[in-house]
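Enquirer: Just my_file.txt, nothing more (compact mmCIF, C-alpha atoms):
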# COMPACT_ATOMS: atom_id res chain seq x y z
CA ALA A 443 -12.36 -3.74 13.74
CA GLN A 444 -9.42 -1.64 12.69
CA SER A 445 -9.79 1.34 10.41
CA VAL A 446 -7.82 4.32 9.13
CA THR A 447 -9.24 7.73 8.33
CA GLN A 448 -7.48 10.40 6.31
CA LEU A 449 -9.54 13.47 6.79
CA ASP A 450 -8.41 15.40 3.73
CA SER A 451 -8.73 14.00 0.23
CA GLN A 452 -6.78 16.89 -1.25
CA VAL A 453 -4.38 19.42 0.22
CA PRO A 454 -3.22 22.28 -2.01
CA VAL A 455 -0.27 24.26 -0.74
CA PHE A 456 2.26 26.73 -2.06
CA GLU A 457 5.91 25.82 -2.36
CA GLU A 458 7.96 26.41 0.81
CA ALA A 459 4.82 26.53 2.97
CA PRO A 460 4.30 24.05 5.84
CA VAL A 461 1.86 21.19 5.46
CA GLU A 462 0.08 18.69 7.69
CA LEU A 463 -1.68 15.59 6.40
CA ARG A 464 -3.99 14.13 8.98
CA CYS A 465 -4.43 10.48 9.85
CA ASN A 466 -6.52 8.89 12.57
CA TYR A 467 -6.92 5.22 13.31
CA SER A 468 -9.23 2.98 15.27
CA SER A 469 -8.02 -0.20 16.92
CA SER A 470 -8.54 -2.16 20.10
CA VAL A 471 -5.04 -3.66 19.97
CA SER A 472 -1.52 -2.36 19.55
CA VAL A 473 -0.81 -0.80 16.20
CA TYR A 474 2.10 -0.11 13.91
CA LEU A 475 1.76 2.96 11.73
CA PHE A 476 3.10 3.86 8.32
CA TRP A 477 3.04 6.61 5.77
CA TYR A 478 3.52 5.66 2.13
CA VAL A 479 3.93 7.95 -0.87
CA GLN A 480 2.81 7.13 -4.38
CA TYR A 481 3.93 9.08 -7.42
CA PRO A 482 1.81 8.87 -10.60
CA ASN A 483 1.71 5.41 -12.14
CA GLN A 484 4.15 4.04 -9.60
CA GLY A 485 4.00 1.69 -6.65
CA LEU A 486 4.16 2.69 -3.03
CA GLN A 487 7.28 3.86 -1.28
CA LEU A 488 7.64 3.81 2.48
CA LEU A 489 8.04 7.33 3.80
CA LEU A 490 8.28 6.62 7.51
CA LYS A 491 7.04 4.23 10.16
CA TYR A 492 6.28 3.92 13.83
CA LEU A 493 6.84 0.50 15.33
CA SER A 494 7.91 1.34 18.89
CA GLY A 495 10.08 3.70 20.87
CA SER A 496 10.12 7.43 20.18
CA THR A 497 6.73 8.67 19.11
CA LEU A 498 8.27 11.21 16.73
CA VAL A 499 9.64 9.65 13.56
CA GLU A 500 11.37 11.34 10.67
CA SER A 501 12.07 10.60 7.04
CA ILE A 502 15.20 11.45 5.10
CA ASN A 503 13.44 14.07 2.99
CA GLY A 504 12.17 16.29 5.78
CA PHE A 505 8.82 14.72 6.66
CA GLU A 506 7.98 13.80 10.22
CA ALA A 507 5.04 12.16 11.96
CA GLU A 508 4.09 11.83 15.58
CA PHE A 509 2.25 8.91 17.10
CA ASN A 510 -0.33 10.18 19.55
CA LYS A 511 -1.93 7.26 21.32
CA SER A 512 -4.45 9.30 23.29
CA GLN A 513 -5.74 10.97 20.14
CA THR A 514 -5.22 7.85 17.99
CA SER A 515 -3.48 9.96 15.40
CA PHE A 516 -0.38 9.80 13.24
CA HIS A 517 -0.31 13.11 11.38
CA LEU A 518 2.35 13.77 8.76
CA ARG A 519 4.09 17.15 8.67
CA LYS A 520 6.71 18.99 6.69
CA PRO A 521 7.84 22.53 7.55
CA SER A 522 8.60 23.52 3.95
CA VAL A 523 7.35 21.62 0.91
CA HIS A 524 8.81 21.39 -2.57
CA ILE A 525 7.18 20.94 -5.94
CA SER A 526 8.62 17.43 -6.00
CA ASP A 527 6.54 16.50 -2.94
CA THR A 528 3.42 16.51 -5.10
CA ALA A 529 2.05 12.97 -4.80
CA GLU A 530 -0.56 10.79 -3.14
CA TYR A 531 0.11 10.02 0.50
CA PHE A 532 -1.36 6.99 2.23
CA CYS A 533 -1.53 6.35 5.94
CA ALA A 534 -1.62 2.67 6.85
CA VAL A 535 -1.87 0.60 10.00
CA SER A 536 -0.83 -2.90 10.84
CA PHE A 537 -1.93 -4.35 14.11
CA SER A 538 -0.70 -6.82 16.66
CA GLY A 539 -1.90 -10.27 15.72
CA GLY A 540 -2.88 -9.11 12.26
CA TYR A 541 -0.19 -11.12 10.52
CA ASN A 542 1.25 -8.15 8.66
CA LYS A 543 -2.02 -7.09 7.06
CA LEU A 544 -2.00 -3.43 6.18
CA ILE A 545 -5.14 -1.35 6.26
CA PHE A 546 -4.92 1.81 4.22
CA GLY A 547 -6.58 5.15 4.53
CA ALA A 548 -8.26 6.67 1.50
CA GLY A 549 -5.22 8.75 0.67
CA THR A 550 -4.48 12.47 0.52
CA ARG A 551 -3.46 14.17 -2.68
CA LEU A 552 -0.78 16.77 -1.88
CA ALA A 553 -0.54 19.36 -4.64
CA VAL A 554 2.33 21.82 -4.28
CA HIS A 555 2.01 24.95 -6.37
CA PRO A 556 4.79 27.39 -7.29
CA GLY B 698 16.91 -2.17 0.53
CA ALA B 699 14.51 -4.98 -0.12
CA VAL B 700 13.15 -5.19 -3.64
CA VAL B 701 9.88 -6.61 -4.84
CA SER B 702 9.25 -6.86 -8.56
CA GLN B 703 6.12 -7.42 -10.60
CA HIS B 704 5.68 -8.67 -14.13
CA PRO B 705 4.28 -7.44 -16.36
CA SER B 706 4.14 -3.77 -15.51
CA TRP B 707 1.11 -3.36 -17.76
CA VAL B 708 -1.09 -5.69 -19.74
CA ILE B 709 -4.04 -5.35 -22.07
CA CYS B 710 -6.25 -8.36 -22.61
CA LYS B 711 -9.57 -9.12 -24.23
CA SER B 712 -12.69 -9.79 -22.24
CA GLY B 713 -13.04 -13.46 -21.36
CA THR B 714 -9.35 -14.26 -21.35
CA SER B 715 -7.11 -14.91 -18.35
CA VAL B 716 -4.02 -13.02 -17.35
CA LYS B 717 -1.26 -13.92 -14.90
CA ILE B 718 0.67 -11.41 -12.82
CA GLU B 719 3.89 -12.36 -11.06
CA CYS B 720 5.26 -10.96 -7.84
CA ARG B 721 8.83 -11.72 -6.83
CA SER B 722 10.90 -10.87 -3.81
CA LEU B 723 14.36 -10.37 -5.27
CA ASP B 724 16.66 -10.35 -2.27
CA PHE B 725 14.71 -12.00 0.51
CA GLN B 726 12.37 -14.91 1.07
CA ALA B 727 8.71 -14.29 1.74
CA THR B 728 6.45 -16.95 3.16
CA THR B 729 3.64 -14.45 2.94
CA MET B 730 2.76 -11.98 0.23
CA PHE B 731 -0.22 -9.70 -0.18
CA TRP B 732 -2.22 -8.68 -3.22
CA TYR B 733 -4.00 -5.35 -3.48
CA ARG B 734 -6.02 -3.65 -6.15
CA GLN B 735 -6.28 0.05 -6.62
CA PHE B 736 -8.89 1.81 -8.74
CA PRO B 737 -8.04 5.21 -10.19
CA LYS B 738 -7.69 7.89 -7.55
CA GLN B 739 -8.64 5.46 -4.80
CA SER B 740 -6.85 3.69 -2.02
CA LEU B 741 -5.44 0.19 -1.95
CA MET B 742 -7.83 -2.58 -1.08
CA LEU B 743 -6.40 -5.83 0.23
CA MET B 744 -7.59 -8.72 -1.91
CA ALA B 745 -5.85 -11.72 -0.42
CA THR B 746 -2.93 -13.07 1.55
CA SER B 747 -0.73 -15.46 -0.36
CA ASN B 748 0.80 -18.21 1.77
CA GLU B 749 3.71 -20.32 0.58
CA GLY B 750 2.79 -23.98 0.71
CA SER B 751 -0.86 -23.47 1.53
CA LYS B 752 -4.04 -21.90 0.23
CA ALA B 753 -4.44 -18.18 -0.05
CA THR B 754 -6.68 -16.32 2.34
CA TYR B 755 -9.16 -14.05 0.60
CA GLU B 756 -10.76 -10.93 1.97
CA GLN B 757 -14.50 -10.71 2.20
CA GLY B 758 -16.11 -10.01 -1.15
CA VAL B 759 -13.18 -11.20 -3.27
CA GLU B 760 -14.04 -14.08 -5.58
CA LYS B 761 -11.45 -16.79 -5.02
CA ASP B 762 -12.39 -18.60 -8.22
CA LYS B 763 -11.85 -15.47 -10.24
CA PHE B 764 -8.60 -14.33 -8.65
CA LEU B 765 -6.42 -17.42 -8.40
CA ILE B 766 -3.36 -17.09 -6.22
CA ASN B 767 -0.45 -19.50 -6.19
CA HIS B 768 2.56 -19.06 -3.93
CA ALA B 769 4.88 -21.38 -5.80
CA SER B 770 8.08 -20.69 -3.88
CA LEU B 771 9.52 -18.51 -1.16
CA THR B 772 10.18 -15.77 -3.71
CA LEU B 773 7.25 -16.00 -6.11
CA SER B 774 3.51 -15.46 -5.89
CA THR B 775 1.21 -15.28 -8.89
CA LEU B 776 -2.22 -13.76 -9.32
CA THR B 777 -4.31 -15.03 -12.21
CA VAL B 778 -7.37 -13.06 -13.19
CA THR B 779 -9.61 -15.61 -14.87
CA SER B 780 -12.24 -14.74 -17.47
CA ALA B 781 -11.37 -11.10 -17.18
CA HIS B 782 -14.00 -8.43 -17.75
CA PRO B 783 -13.68 -4.66 -18.15
CA GLU B 784 -14.63 -4.13 -14.51
CA ASP B 785 -11.48 -6.04 -13.55
CA SER B 786 -9.39 -3.28 -15.06
CA SER B 787 -7.32 -1.90 -12.23
CA PHE B 788 -3.86 -1.42 -10.79
CA TYR B 789 -2.74 -4.58 -9.00
CA ILE B 790 0.00 -4.28 -6.41
CA CYS B 791 1.75 -6.93 -4.37
CA SER B 792 3.73 -6.59 -1.18
CA ALA B 793 5.86 -8.76 1.04
CA PRO B 794 7.08 -8.40 4.61
CA ARG B 795 10.77 -8.89 5.00
CA GLY B 796 11.60 -10.85 8.11
CA GLY B 797 8.59 -13.13 8.26
CA THR B 798 5.28 -12.75 10.03
CA GLY B 799 6.90 -10.94 12.94
CA SER B 800 7.95 -8.08 10.70
CA TYR B 801 5.48 -5.30 10.26
CA GLU B 802 7.30 -3.52 7.47
CA GLN B 803 6.24 -4.33 3.97
CA TYR B 804 7.90 -3.80 0.63
CA PHE B 805 5.71 -3.07 -2.35
CA GLY B 806 6.06 -4.02 -5.96
CA PRO B 807 5.75 -1.31 -8.62
CA GLY B 808 2.29 -2.52 -9.63
CA THR B 809 0.69 -4.01 -12.74
CA ARG B 810 -1.86 -2.05 -14.69
CA LEU B 811 -4.47 -4.34 -16.21
CA THR B 812 -6.77 -3.09 -18.92
CA VAL B 813 -9.51 -5.40 -20.14
CA THR B 814 -11.09 -4.46 -23.44
If you convert what's in this file into structure tokens, what do you get?
Expert:
Amino acid sequence: AQSVTQLDSQVPVFEEAPVELRCNYSSSVSVYLFWYVQYPNQGLQLLLKYLSGSTLVESINGFEAEFNKSQTSFHLRKPSVHISDTAEYFCAVSFSGGYNKLIFGAGTRLAVHP
Amino acid sequence: GAVVSQHPSWVICKSGTSVKIECRSLDFQATTMFWYRQFPKQSLMLMATSNEGSKATYEQGVEKDKFLINHASLTLSTLTVTSAHPEDSSFYICSAPRGGTGSYEQYFGPGTRLTVT
């Protein structure tokens, strides 16, 4: 069975500091990986995705994630965070033959402090 | 970009009544849509897969007679919470893949907050 683990439920960080949100997955088949961001009382927004090709993917607002097949990880990083990055971040996986079903991790609350 | 809408954005209903939530894909057709529920400060849990023209597929533990799903057209899926109780209070979110079953990217609606009193 497929599963997603986000190791940190909360990550506090100061503004302009680097951050890494960890995500590991378990699957016996090919996977497609996503990071979504959710601001308070809002729906999910796609931050970035890995479907194929380059294992390093980037978003337009400075986040990046690297697919590491050997370590079954898809950690999210940003070299310098802003107050506006404060939100809930969800790692999700869809898998080959899964008919688009998304399995979500528990989420990581990123709190950026001034 | 693709847009998925939900209506209503929030609803309060009395215990024992039913409430319907709509999910629409505004600029693309979706033969499949998904329904999730999210409890406060928790992750999204997939409830069911809505299939246009056929019965919905429910995840284990989800009561199909309580959460009725109808995929009426290629742009509309509805979730009806029947005989709602306070424990059904939650944030309900729908999503749809653009590009059919071969597309692994999903677009999410803004969510519907249901409060049952």
Enquirer: Using only C-alpha atoms, which residues sit within 8 Å of stretch 459-461 of chain A once same-chain residues fewer than 5 positions away are excluded, as a list in words?
Expert: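 Listed by chain and then number, they are Arg519, Lys520, Pro521, Ser522 and Val523 of chain A.
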Enquirer: Per residue of chain A within 10 Å of chain B, what are the shortest atom pair and its distance in Å to one decimal, counting only C-alpha atoms, with rows by chain and residue number, as a Markdown table?
Expert:
| residue | atom | partner | partner_atom | distance |
| --- | --- | --- | --- | --- |
| A:Ser451 | CA | B:Gln739 | CA | 9.9 |
| A:Val473 | CA | B:Tyr801 | CA | 9.8 |
| A:Tyr474 | CA | B:Tyr801 | CA | 7.2 |
| A:Leu475 | CA | B:Tyr801 | CA | 9.2 |
| A:Phe476 | CA | B:Glu802 | CA | 8.5 |
| A:Gln480 | CA | B:Pro807 | CA | 9.9 |
| A:Asn483 | CA | B:Gly808 | CA | 8.3 |
| A:Gln484 | CA | B:Pro807 | CA | 5.7 |
| A:Gly485 | CA | B:Pro807 | CA | 4.0 |
| A:Leu486 | CA | B:Phe805 | CA | 6.0 |
| A:Gln487 | CA | B:Phe805 | CA | 7.2 |
| A:Leu488 | CA | B:Tyr804 | CA | 7.8 |
| A:Lys491 | CA | B:Glu802 | CA | 8.2 |
| A:Tyr492 | CA | B:Glu802 | CA | 9.8 |
| A:Leu493 | CA | B:Tyr801 | CA | 7.8 |
| A:Glu530 | CA | B:Lys738 | CA | 8.9 |
| A:Tyr531 | CA | B:Ser740 | CA | 9.7 |
| A:Phe532 | CA | B:Ser740 | CA | 7.7 |
| A:Cys533 | CA | B:Ser740 | CA | 9.9 |
| A:Ala534 | CA | B:Leu741 | CA | 9.9 |
| A:Val535 | CA | B:Tyr801 | CA | 9.4 |
| A:Ser536 | CA | B:Tyr801 | CA | 6.8 |
| A:Phe537 | CA | B:Tyr801 | CA | 8.4 |
| A:Ser538 | CA | B:Tyr801 | CA | 9.0 |
| A:Gly539 | CA | B:Gly799 | CA | 9.3 |
| A:Gly540 | CA | B:Thr798 | CA | 9.2 |
| A:Tyr541 | CA | B:Thr798 | CA | 5.7 |
| A:Asn542 | CA | B:Tyr801 | CA | 5.3 |
| A:Lys543 | CA | B:Phe731 | CA | 7.9 |
| A:Leu544 | CA | B:Leu743 | CA | 7.8 |
| A:Ile545 | CA | B:Leu743 | CA | 7.6 |
| A:Phe546 | CA | B:Leu741 | CA | 6.4 |
| A:Gly547 | CA | B:Ser740 | CA | 6.7 |
| A:Ala548 | CA | B:Ser740 | CA | 4.8 |
| A:Gly549 | CA | B:Ser740 | CA | 6.0 |
| A:Thr550 | CA | B:Ser740 | CA | 9.4 |
| A:Arg551 | CA | B:Lys738 | CA | 9.0 |
Enquirer: Find the residues around B:Val759 up to 8 Å (all atoms listed in the file counted), leave out those fewer than 3 positions away in its own chain, and share them as number ranges by chain.
Expert: B: 744-745, 755-756, 764
Enquirer: Looking at B:Gln735, B:Thr777, B:Thr714, B:Thr814, which one is nearest to B:Glu760, with distances taken over all atoms listed in the file?
Expert: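 Under the stated criterion, the closest residue is B:Thr777.
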Enquirer: Quick one, how far is atom CA of B:Thr775 from atom CA of B:Ser702?
Expert: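 Rounded to one decimal, the two atoms are 11.6 Å apart.
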Enquirer: Using only C-alpha atoms, determine which residues lie at most 9 Å from A:His524, disregarding the query and same-chain residues fewer than 3 positions distant; provide the list as a list in words.
Expert: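 Surrounding residues, per the criterion: Phe456, Glu457, Glu458, Ala459, Asp527, Thr528, Val554, His555 and Pro556 of chain A.
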